[in-house]
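K.L.:
Take this structure first; my questions come after.
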Amino acid sequence: NSESALLSDYEVDCDPTFEIERSNLTLDSMLGEGAFGEVWKAKLKRDGTELDVAVKKLKISAHEKELIDLVSEMETFKIIGQHENVLRLIGCSTGQGPLYVVVELCKHGNLRDFLRAHRPKEDKVKKSSQELADYLEPRKNEIADVELIPNLTQRHLVQFAWQVATGMNFLAEKKIIHRDLAARNVLVSEGHIMKISDFGLSRDVNTGNYYKKRGTGRLPIKWMAVESLDSNVYTIESDVWSYGVLLWEIMTLGGTPYPTIAMHNLYEYLQNGYRMESPHLCPQEVYQLMQACWQTKLEDRPSFKMIVDYLDWMLTMTN
Ligand code: ACK
């Protein structure tokens with residue numbers, strides 16, 4: 001199964017508004033890879049200048065399923081439009097050769113690893129067993145381009161959370177459900193701007209055209225709302241639940257949610273009303289927001305608009 005054979009099977013439409021001439025792209029180095037896809041740092045020649053970009057492409061090992069995922073991610077990108085806190089599609093190369101999806105480059109990598117890079121190296125503070133378990137997890141290779149924020153404060157963290165909520169509010173207005181919101185799927189670009197990414201699973205609730213099962217068959221269990229675990233229901237409100245888990249990840253500098261609970265037991269815990277404790281030194285107002293996001297009843301959870309307003313209020317109060 002070569003990529004071009006797959007492409008010809010599925011006839012990826014050339015969309016002139018987005019088409020990028022393949023010869024204007026130079027792939028420099030690989031930023032990351034999964035089983036079936038790769039992300040490359042690349043240069044795009046455009047109007048006499050060179051722009052740093054990221055290129056998503058499939059590996060030879062990819063199947064039609066992964067191609068469909070990548071194509072629908074691209075289509076979702078196109079209908080989303082532009083927002084500062086949502087990863088922007090620059091264009092794509094369809095025509096002859098493998099499909100390239102070209103997006104803006106986020107030089108600081110994903111939010112989870114970015115936060116983890118800010119943890120003190122030598123930690124003399126006594127830790128709870130939960131935090132300890134989390135610390136023992138191997139740290140991903142440091143990303144070459146990560147510029148640490150000196151003296152990262154709670155305020156920075158709340159600002160990150162505000163940015164993500166703003167991007168999610170924009171998606172919610174467009175009736176897009178993300179379905180895989182997590183710190184690993186938020187990218188950090190120049191100036192520490194948060195960009196929501198990974199629309200491989202997202203779905204336009206108007207048309208239902210963008211529904212897909214997860215590529216690898218793995219589900220983001222620890223980010224899933226109780227009703228998604230229970231009956232596979234995904235809504236804007238289940239994205240709000242995941243946002244609460246992401247907020248927890250932010251306030252723990254990239255902690256792993258429910259570190260002491262095995263994935264197969266999680267549903268029962270949640271059903272019995274168990275929720276994660278407040279992270280160490282987390283402002284009460286932020287923990288209350290997490291708890292609101294984890295309400296069992298969908299209608300009891302705040303909307304992204306309410307979350308943005310609430311965080312706005314917090315940032316104003318602590319200015
Ligand atoms: O965690 P990372 O550094 O951030 O490694 C993964 C890898 O590629 C596979 O997804 C990184 N990545 C994905 N999209 C981009 C992008 N637009 N800019 C920079 N890095 C990216 C991601």
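Each chain in the structure tokens gets a letter, A, B, ..., in the order shown, and its residues are numbered from 1; ligands are numbered from 1 in order too.
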Give me the residues near region 110-119 of chain A as a PyMOL selection string, where near means some atom within 7 Å (using only C-alpha atoms) and where sequence neighbours in that chain fewer than 5 positions away do not count.

P.N.:
chain A and resi 140+148+183-188+253-254

K.L.:
Include C-alpha atoms and write out the residues we just selected as a short mmCIF file (atom, residue, chain, number, x, y, z; two decimals), in the first residue's frame.

P.N.:
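Contents of selection19.cif, as written:
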data_model
loop_
_atom_site.label_atom_id
_atom_site.label_comp_id
_atom_site.auth_asym_id
_atom_site.auth_seq_id
_atom_site.Cartn_x
_atom_site.Cartn_y
_atom_site.Cartn_z
CA LYS A 140 10.22 13.39 27.22
CA LEU A 148 11.42 28.56 29.40
CA ALA A 183 -2.58 19.32 27.11
CA ARG A 184 -0.79 17.04 24.62
CA ASN A 185 -3.08 18.43 21.91
CA VAL A 186 -2.45 22.08 22.67
CA LEU A 187 0.65 23.48 21.00
CA VAL A 188 2.69 26.41 22.21
CA LEU A 253 2.71 21.49 35.38
CA GLY A 254 1.86 18.58 33.13
#

K.L.:
Name each residue within 9 Å of ligand 1, counting only C-alpha atoms and all ligand atoms, as a ChimeraX atom specification.

P.N.:
/A:30-34,37-41,53-56,87-88,102-114,140,142-143,184-189,195,197-198

K.L.:
Would you mind telling me which residue in A:Val226, A:Gln163, A:Glu299, A:Met317 lies nearest to Tyr274 (chain A) when using only C-alpha atoms?

P.N.:
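Closest to Tyr274 (chain A), using only C-alpha atoms: A:Val226.
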